[in-house]
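Undergrad: I am sharing start.pdb, which consists of PDB, C-alpha atoms:
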```
ATOM      1  CA  MET K   1      -3.156   1.402  -0.208
ATOM      2  CA  ALA K   2      -3.855   4.948  -1.355
ATOM      3  CA  VAL K   3      -4.726   5.567  -4.964
ATOM      4  CA  GLY K   4      -2.381   7.918  -6.823
ATOM      5  CA  GLU K   5      -3.437  10.557  -9.241
ATOM      6  CA  VAL K   6      -0.365  10.806 -11.497
ATOM      7  CA  MET K   7      -0.089   8.645 -14.597
ATOM      8  CA  ARG K   8       2.591   8.298 -17.262
ATOM      9  CA  MET K   9       1.175   9.927 -20.365
ATOM     10  CA  ASP K  10       3.602   8.548 -22.977
ATOM     11  CA  ILE K  11       1.054   5.978 -24.149
ATOM     12  CA  PRO K  12       2.012   4.378 -27.476
ATOM     13  CA  ALA K  13       0.087   5.222 -30.628
ATOM     14  CA  GLY K  14      -3.057   3.162 -30.843
ATOM     15  CA  GLY K  15      -3.780   3.275 -27.124
ATOM     16  CA  ASP K  16      -6.624   5.517 -26.013
ATOM     17  CA  LEU K  17      -6.808   7.069 -22.577
ATOM     18  CA  THR K  18     -10.076   7.510 -20.742
ATOM     19  CA  VAL K  19     -10.105   9.024 -17.264
ATOM     20  CA  THR K  20     -13.084   8.985 -14.940
ATOM     21  CA  SER K  21     -13.272   8.635 -11.147
ATOM     22  CA  PRO K  22      -9.914   8.386  -9.358
ATOM     23  CA  GLU K  23     -11.184   5.600  -7.123
ATOM     24  CA  LEU K  24      -9.501   2.773  -9.039
ATOM     25  CA  HIS K  25      -7.137   2.978 -11.995
ATOM     26  CA  VAL K  26      -7.582   0.045 -14.376
ATOM     27  CA  LEU K  27      -5.352  -0.841 -17.321
ATOM     28  CA  ALA K  28      -7.515  -2.660 -19.897
ATOM     29  CA  VAL K  29      -5.772  -4.640 -22.647
ATOM     30  CA  ASP K  30      -7.569  -6.082 -25.695
ATOM     31  CA  ASP K  31      -6.724  -6.271 -29.388
ATOM     32  CA  SER K  32     -10.423  -6.119 -30.335
ATOM     33  CA  ILE K  33     -11.629  -2.531 -30.498
ATOM     34  CA  VAL K  34     -15.209  -3.682 -29.842
ATOM     35  CA  ASP K  35     -14.298  -5.667 -26.735
ATOM     36  CA  ARG K  36     -11.993  -2.881 -25.605
ATOM     37  CA  LYS K  37     -14.825  -0.358 -25.794
ATOM     38  CA  VAL K  38     -17.164  -2.732 -23.956
ATOM     39  CA  ILE K  39     -14.835  -3.289 -21.008
ATOM     40  CA  GLU K  40     -13.990   0.412 -20.938
ATOM     41  CA  ARG K  41     -17.673   1.333 -20.772
ATOM     42  CA  LEU K  42     -18.345  -1.187 -17.988
ATOM     43  CA  LEU K  43     -15.408   0.121 -15.977
ATOM     44  CA  ARG K  44     -16.525   3.730 -16.457
ATOM     45  CA  ILE K  45     -20.037   2.842 -15.296
ATOM     46  CA  SER K  46     -18.408   1.328 -12.214
ATOM     47  CA  ALA K  47     -16.645   4.677 -11.548
ATOM     48  CA  CYS K  48     -13.135   3.542 -12.459
ATOM     49  CA  LYS K  49     -10.315   5.479 -14.069
ATOM     50  CA  VAL K  50      -9.455   3.611 -17.266
ATOM     51  CA  THR K  51      -6.433   3.375 -19.542
ATOM     52  CA  THR K  52      -6.899   1.153 -22.596
ATOM     53  CA  VAL K  53      -4.231  -0.281 -24.901
ATOM     54  CA  GLU K  54      -4.583  -2.668 -27.817
ATOM     55  CA  SER K  55      -1.806  -5.194 -27.177
ATOM     56  CA  GLY K  56       0.266  -6.861 -24.512
ATOM     57  CA  ALA K  57       3.387  -5.161 -25.859
ATOM     58  CA  MET K  58       1.749  -1.742 -25.439
ATOM     59  CA  ALA K  59       0.750  -2.673 -21.906
ATOM     60  CA  LEU K  60       4.372  -3.516 -21.089
ATOM     61  CA  GLN K  61       5.498  -0.230 -22.621
ATOM     62  CA  TYR K  62       2.959   1.701 -20.575
ATOM     63  CA  LEU K  63       4.136  -0.031 -17.403
ATOM     64  CA  GLY K  64       7.783   0.488 -18.293
ATOM     65  CA  LEU K  65       8.464  -3.251 -18.562
ATOM     66  CA  ASP K  66       9.383  -3.303 -22.259
ATOM     67  CA  GLY K  67      13.109  -3.148 -21.559
ATOM     68  CA  ASP K  68      13.663   0.194 -23.290
ATOM     69  CA  LYS K  69      12.771   2.609 -20.513
ATOM     70  CA  GLY K  70      13.315   0.289 -17.595
ATOM     71  CA  ALA K  71      11.728   1.486 -14.384
ATOM     72  CA  SER K  72      12.100   5.210 -15.069
ATOM     73  CA  GLY K  73       9.110   7.216 -13.917
ATOM     74  CA  LEU K  74       7.389   4.244 -12.283
ATOM     75  CA  LYS K  75       7.228   6.041  -8.945
ATOM     76  CA  ASP K  76       4.516   8.250 -10.495
ATOM     77  CA  LEU K  77       2.533   5.390 -12.038
ATOM     78  CA  LYS K  78      -0.396   3.977 -10.110
ATOM     79  CA  VAL K  79      -2.406   1.041 -11.447
ATOM     80  CA  ASN K  80      -4.790  -0.844  -9.170
ATOM     81  CA  LEU K  81      -5.982  -3.508 -11.605
ATOM     82  CA  ILE K  82      -5.041  -4.953 -14.995
ATOM     83  CA  VAL K  83      -7.725  -6.562 -17.145
ATOM     84  CA  THR K  84      -6.463  -8.333 -20.251
ATOM     85  CA  ASP K  85      -7.778 -10.497 -23.052
ATOM     86  CA  TYR K  86      -6.216 -13.961 -23.277
ATOM     87  CA  SER K  87      -5.999 -14.446 -27.038
ATOM     88  CA  MET K  88      -3.980 -11.617 -28.582
ATOM     89  CA  PRO K  89      -1.403 -11.674 -31.403
ATOM     90  CA  GLY K  90       2.200 -11.503 -30.275
ATOM     91  CA  LEU K  91       2.096 -11.321 -26.495
ATOM     92  CA  THR K  92      -0.921 -13.225 -25.153
ATOM     93  CA  GLY K  93      -2.765 -12.352 -21.982
ATOM     94  CA  TYR K  94      -1.072 -15.289 -20.280
ATOM     95  CA  ASP K  95       2.363 -14.018 -21.339
ATOM     96  CA  LEU K  96       1.479 -10.550 -20.054
ATOM     97  CA  LEU K  97       0.360 -12.053 -16.745
ATOM     98  CA  LYS K  98       3.711 -13.830 -16.344
ATOM     99  CA  LYS K  99       5.667 -10.653 -17.147
ATOM    100  CA  ILE K 100       3.722  -8.696 -14.535
ATOM    101  CA  LYS K 101       4.127 -11.352 -11.848
ATOM    102  CA  GLU K 102       7.875 -11.448 -12.542
ATOM    103  CA  SER K 103       8.125  -7.698 -11.915
ATOM    104  CA  SER K 104       9.167  -6.614  -8.430
ATOM    105  CA  VAL K 105       7.242  -3.357  -8.968
ATOM    106  CA  PHE K 106       3.927  -4.658 -10.318
ATOM    107  CA  ARG K 107       3.620  -8.260  -9.159
ATOM    108  CA  GLU K 108       1.161  -7.315  -6.398
ATOM    109  CA  ILE K 109      -1.253  -5.739  -8.893
ATOM    110  CA  PRO K 110      -4.289  -8.005  -9.479
ATOM    111  CA  VAL K 111      -4.589  -9.288 -13.056
ATOM    112  CA  VAL K 112      -7.909 -10.473 -14.481
ATOM    113  CA  ILE K 113      -7.947 -12.528 -17.683
ATOM    114  CA  MET K 114     -10.843 -12.368 -20.166
ATOM    115  CA  SER K 115     -11.631 -14.913 -22.878
ATOM    116  CA  SER K 116     -14.496 -15.939 -25.139
ATOM    117  CA  GLU K 117     -13.340 -19.569 -24.874
ATOM    118  CA  ASN K 118     -14.259 -21.611 -21.812
ATOM    119  CA  ILE K 119     -11.204 -23.883 -21.788
ATOM    120  CA  LEU K 120     -10.662 -25.315 -18.304
ATOM    121  CA  PRO K 121      -6.894 -26.091 -18.590
ATOM    122  CA  ARG K 122      -6.314 -22.523 -19.789
ATOM    123  CA  ILE K 123      -8.299 -21.108 -16.875
ATOM    124  CA  GLU K 124      -6.441 -23.287 -14.360
ATOM    125  CA  GLN K 125      -3.096 -22.317 -15.888
ATOM    126  CA  CYS K 126      -3.817 -18.603 -15.489
ATOM    127  CA  LEU K 127      -5.048 -19.002 -11.928
ATOM    128  CA  ARG K 128      -1.948 -21.015 -11.007
ATOM    129  CA  GLU K 129       0.234 -18.273 -12.460
ATOM    130  CA  GLY K 130      -1.416 -15.732 -10.144
ATOM    131  CA  ALA K 131      -4.444 -14.358 -12.016
ATOM    132  CA  GLU K 132      -7.019 -12.774  -9.717
ATOM    133  CA  ASP K 133      -9.931 -14.067 -11.783
ATOM    134  CA  PHE K 134     -10.897 -15.419 -15.207
ATOM    135  CA  LEU K 135     -13.927 -13.846 -16.905
ATOM    136  CA  LEU K 136     -15.797 -15.264 -19.855
ATOM    137  CA  LYS K 137     -16.841 -12.870 -22.603
ATOM    138  CA  PRO K 138     -19.099 -11.111 -23.036
ATOM    139  CA  VAL K 139     -18.102  -9.544 -19.720
ATOM    140  CA  LYS K 140     -21.091  -8.338 -17.729
ATOM    141  CA  LEU K 141     -21.465  -5.312 -15.480
ATOM    142  CA  ALA K 142     -22.004  -7.651 -12.523
ATOM    143  CA  ASP K 143     -18.569  -9.195 -13.210
ATOM    144  CA  VAL K 144     -16.868  -5.806 -13.177
ATOM    145  CA  LYS K 145     -18.653  -4.686 -10.007
ATOM    146  CA  ARG K 146     -17.719  -7.928  -8.259
ATOM    147  CA  ILE K 147     -14.056  -7.561  -9.209
ATOM    148  CA  LYS K 148     -14.025  -3.907  -8.159
ATOM    149  CA  GLU K 149     -15.557  -4.686  -4.768
ATOM    150  CA  GLN K 150     -13.034  -7.467  -4.241
ATOM    151  CA  ILE K 151     -10.057  -5.239  -5.111
ATOM    152  CA  THR K 152     -11.358  -2.370  -2.968
ATOM    153  CA  ARG K 153     -11.907  -4.707  -0.032
ATOM    154  CA  ASN K 154      -8.404  -6.178  -0.367
ATOM    155  CA  GLU K 155      -6.827  -2.709  -0.471
ATOM    156  CA  ALA K 156      -8.814  -1.627   2.595
ATOM    157  CA  GLU K 157      -7.602  -4.705   4.474
ATOM    158  CA  ASP K 158      -4.010  -3.987   3.437
ATOM    159  CA  CYS K 159      -4.307  -0.412   4.708
ATOM    160  CA  LYS K 160      -5.762  -1.654   7.986
ATOM    161  CA  THR K 161      -2.897  -4.121   8.400
ATOM    162  CA  VAL K 162      -0.284  -1.438   7.764
ATOM    163  CA  SER K 163      -2.029   0.965  10.159
ATOM    164  CA  HIS K 164      -2.180  -1.673  12.898
ATOM    165  CA  SER K 165       1.503  -2.486  12.389
ATOM    166  CA  ASN K 166       2.454   1.197  12.626
ATOM    167  CA  LYS K 167       0.415   1.675  15.805
ATOM    168  CA  ARG K 168       2.029  -1.354  17.402
ATOM    169  CA  LYS K 169       5.518  -0.107  16.527
ATOM    170  CA  LEU K 170       4.685   3.331  17.939
ATOM    171  CA  ALA K 171       3.460   1.767  21.182
ATOM    172  CA  GLU K 172       6.667  -0.260  21.447
ATOM    173  CA  ASP K 173       8.763   2.842  20.884
ATOM    174  CA  ILE K 174       6.852   4.710  23.605
ATOM    175  CA  ASP K 175       7.350   1.817  26.025
ATOM    176  CA  ASP K 176      11.086   1.813  25.304
ATOM    177  CA  THR K 177      11.476   5.543  25.934
ATOM    178  CA  SER K 178       9.355   5.536  29.109
ATOM    179  CA  SER K 179      11.171   2.629  30.791
ATOM    180  CA  PRO K 180      13.276   3.846  33.808
ATOM    181  CA  SER K 181      16.990   3.739  33.225
ATOM    182  CA  SER K 182      19.194   1.861  35.661
ATOM    183  CA  SER K 183      21.531   4.863  35.804
ATOM    184  CA  SER K 184      18.786   6.961  37.392
ATOM    185  CA  SER K 185      18.726   4.799  40.534
ATOM    186  CA  PRO K 186      20.409   6.285  43.623
ATOM    187  CA  ASP K 187      24.022   5.258  44.108
ATOM    188  CA  ASP K 188      24.204   3.029  47.176
ATOM    189  CA  SER K 189      27.808   3.965  47.867
ATOM    190  CA  SER K 190      27.010   7.672  48.016
ATOM    191  CA  VAL K 191      24.238   7.037  50.491
ATOM    192  CA  LYS K 192      26.605   5.160  52.790
ATOM    193  CA  ASP K 193      28.983   8.121  52.851
ATOM    194  CA  PHE K 194      26.474  10.208  54.796
ATOM    195  CA  PRO K 195      26.326   9.220  58.553
ATOM    196  CA  SER K 196      22.929   8.783  60.083
ATOM    197  CA  SER K 197      21.646  11.314  62.662
ATOM    198  CA  LYS K 198      21.687   8.615  65.379
ATOM    199  CA  ARG K 199      25.372   7.900  64.759
ATOM    200  CA  MET K 200      26.247  11.605  64.841
ATOM    201  CA  LYS K 201      24.440  12.034  68.179
ATOM    202  CA  SER K 202      26.342   9.119  69.777
ATOM    203  CA  GLU K 203      29.687  10.514  68.636
ATOM    204  CA  LEU K 204      28.947  13.945  70.064
ATOM    205  CA  SER K 205      27.672  12.710  73.496
ATOM    206  CA  PRO K 206      31.116  12.420  75.215
ATOM    207  CA  LEU K 207      31.884  15.961  74.275
ATOM    208  CA  LEU K 208      28.756  17.366  75.926
TER     209      LEU K 208
END
```
Rewrite the coordinates I just gave you, this time as structure tokens.

TA:
Amino acid sequence: MAVGEVMRMDIPAGGDLTVTSPELHVLAVDDSIVDRKVIERLLRISACKVTTVESGAMALQYLGLDGDKGASGLKDLKVNLIVTDYSMPGLTGYDLLKKIKESSVFREIPVVIMSSENILPRIEQCLREGAEDFLLKPVKLADVKRIKEQITRNEAEDCKTVSHSNKRKLAEDIDDTSSPSSSSSPDDSSVKDFPSSKRMKSELSPLL
């Protein structure tokens, strides 16, 4: 999967945009400004393009899933990973995860949940709902690098699968076009209409 360069810029007030390397575009969601700056810094160190917002509602608005703007402009939006805090006022990280997985446009985007509370039922619930991973705060650089490598590897495998599928289809198309058509075979009836040289010689003998 190729990484796009165009982003929607109508980010709601309160969200801050930080752009670095175009390798991966990560949407980071956290209501704590301190934690938001920490995850942003770790992502920037890992050479990621980062968009940060301070709530789940703002994340939905950025993605166009808030119900007001629908899917307008989503063809230009490219997000490779969403990292969100679990405990946020209003829309929690779990609620945001469910909204994303219900979207036909964004459900394939990996979502990583962060939390300062190591509550096993909560972790299992998020993983069952489709979360890529669950990170305990404070998030470490090693965590971010591991997630990035995993996402990059998955995208490379997806590209390889698509490429292999395209090559196979092309080969099938070539085989179809190169197969001899039955209409190109000589018509047996037309061949029979021409007398053989031996027959012509026997018919002409009495006349000689």

Undergrad: Counting only C-alpha atoms, which of K:Ile174, K:Glu132, K:Glu117, K:Phe106 gets nearest to K:Arg146?

TA: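 Among the listed residues, K:Glu132 lies closest to K:Arg146.
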
Undergrad: Work out how far apart atom CA of K:Arg41 and atom CA of K:Ile151 are and give it in Å to one decimal.

TA: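 Separation of atom CA of K:Arg41 and atom CA of K:Ile151: 18.6 Å.
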
Undergrad: Show me a table, sorted first by chain and then by increasing residue number, of the residues of stretch 71-169 of chain K having an atom at most 12 Å from stretch 20-38 of chain K, each with its shortest atom pair and the distance in Å to one decimal, counting only C-alpha atoms and written as a tab-separated table.

TA:
```
residue	atom	partner	partner_atom	distance
K:Leu77	CA	K:His25	CA	10.0
K:Lys78	CA	K:His25	CA	7.1
K:Val79	CA	K:His25	CA	5.1
K:Asn80	CA	K:His25	CA	5.3
K:Leu81	CA	K:Val26	CA	4.8
K:Ile82	CA	K:Leu27	CA	4.7
K:Val83	CA	K:Ala28	CA	4.8
K:Thr84	CA	K:Val29	CA	4.5
K:Asp85	CA	K:Asp30	CA	5.1
K:Tyr86	CA	K:Asp30	CA	8.4
K:Ser87	CA	K:Asp31	CA	8.5
K:Met88	CA	K:Asp31	CA	6.1
K:Pro89	CA	K:Asp31	CA	7.8
K:Gly90	CA	K:Asp31	CA	10.4
K:Leu91	CA	K:Asp31	CA	10.6
K:Thr92	CA	K:Asp30	CA	9.8
K:Gly93	CA	K:Val29	CA	8.3
K:Tyr94	CA	K:Val29	CA	11.9
K:Leu96	CA	K:Val29	CA	9.7
K:Leu97	CA	K:Val29	CA	11.3
K:Ile109	CA	K:Val26	CA	10.2
K:Pro110	CA	K:Val26	CA	10.0
K:Val111	CA	K:Leu27	CA	9.5
K:Val112	CA	K:Ala28	CA	9.5
K:Ile113	CA	K:Val29	CA	9.6
K:Met114	CA	K:Asp30	CA	9.0
K:Ser115	CA	K:Asp30	CA	10.1
K:Ser116	CA	K:Asp35	CA	10.4
K:Leu136	CA	K:Asp35	CA	11.9
K:Lys137	CA	K:Asp35	CA	8.7
K:Pro138	CA	K:Asp35	CA	8.1
K:Val139	CA	K:Val38	CA	8.1
K:Lys140	CA	K:Val38	CA	9.3
K:Leu141	CA	K:Val38	CA	9.8
K:Val144	CA	K:Val26	CA	11.0
K:Lys145	CA	K:Leu24	CA	11.8
K:Ile147	CA	K:Val26	CA	11.2
K:Lys148	CA	K:Leu24	CA	8.1
K:Glu149	CA	K:Leu24	CA	10.5
K:Gln150	CA	K:Leu24	CA	11.8
K:Ile151	CA	K:Leu24	CA	8.9
K:Thr152	CA	K:Leu24	CA	8.2
K:Arg153	CA	K:Leu24	CA	12.0
K:Glu155	CA	K:Leu24	CA	10.5
```

Undergrad: Quick check, in Å to one decimal: how far apart do atom CA of K:Ser104 and atom CA of K:Met58 lie?

TA: 19.2 Å

Undergrad: Run the PyMOL selection byres ((chain K and resi 53) around 6) on the file and write out the hits as a VMD selection string.

TA: chain K and resid 15 29 52 54 to 55

Undergrad: Would you please work out which residue, of K:Thr51, K:Asp133, K:Arg44, K:Leu65, is nearest to K:Glu102 when using all atoms listed in the file?

TA: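 Among K:Thr51, K:Asp133, K:Arg44, K:Leu65, it is K:Leu65 that comes nearest to K:Glu102.
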
Undergrad: Choose the residue, out of K:Ala59, K:Ala142, K:Leu120, K:Ile100, that has the smallest atom-to-atom separation from K:Leu43; count only C-alpha atoms.

TA: K:Ala142

Undergrad: At what distance in Å, to one decimal, does atom CA of K:Arg128 lie from atom CA of K:Lys98?

TA: 10.6 Å
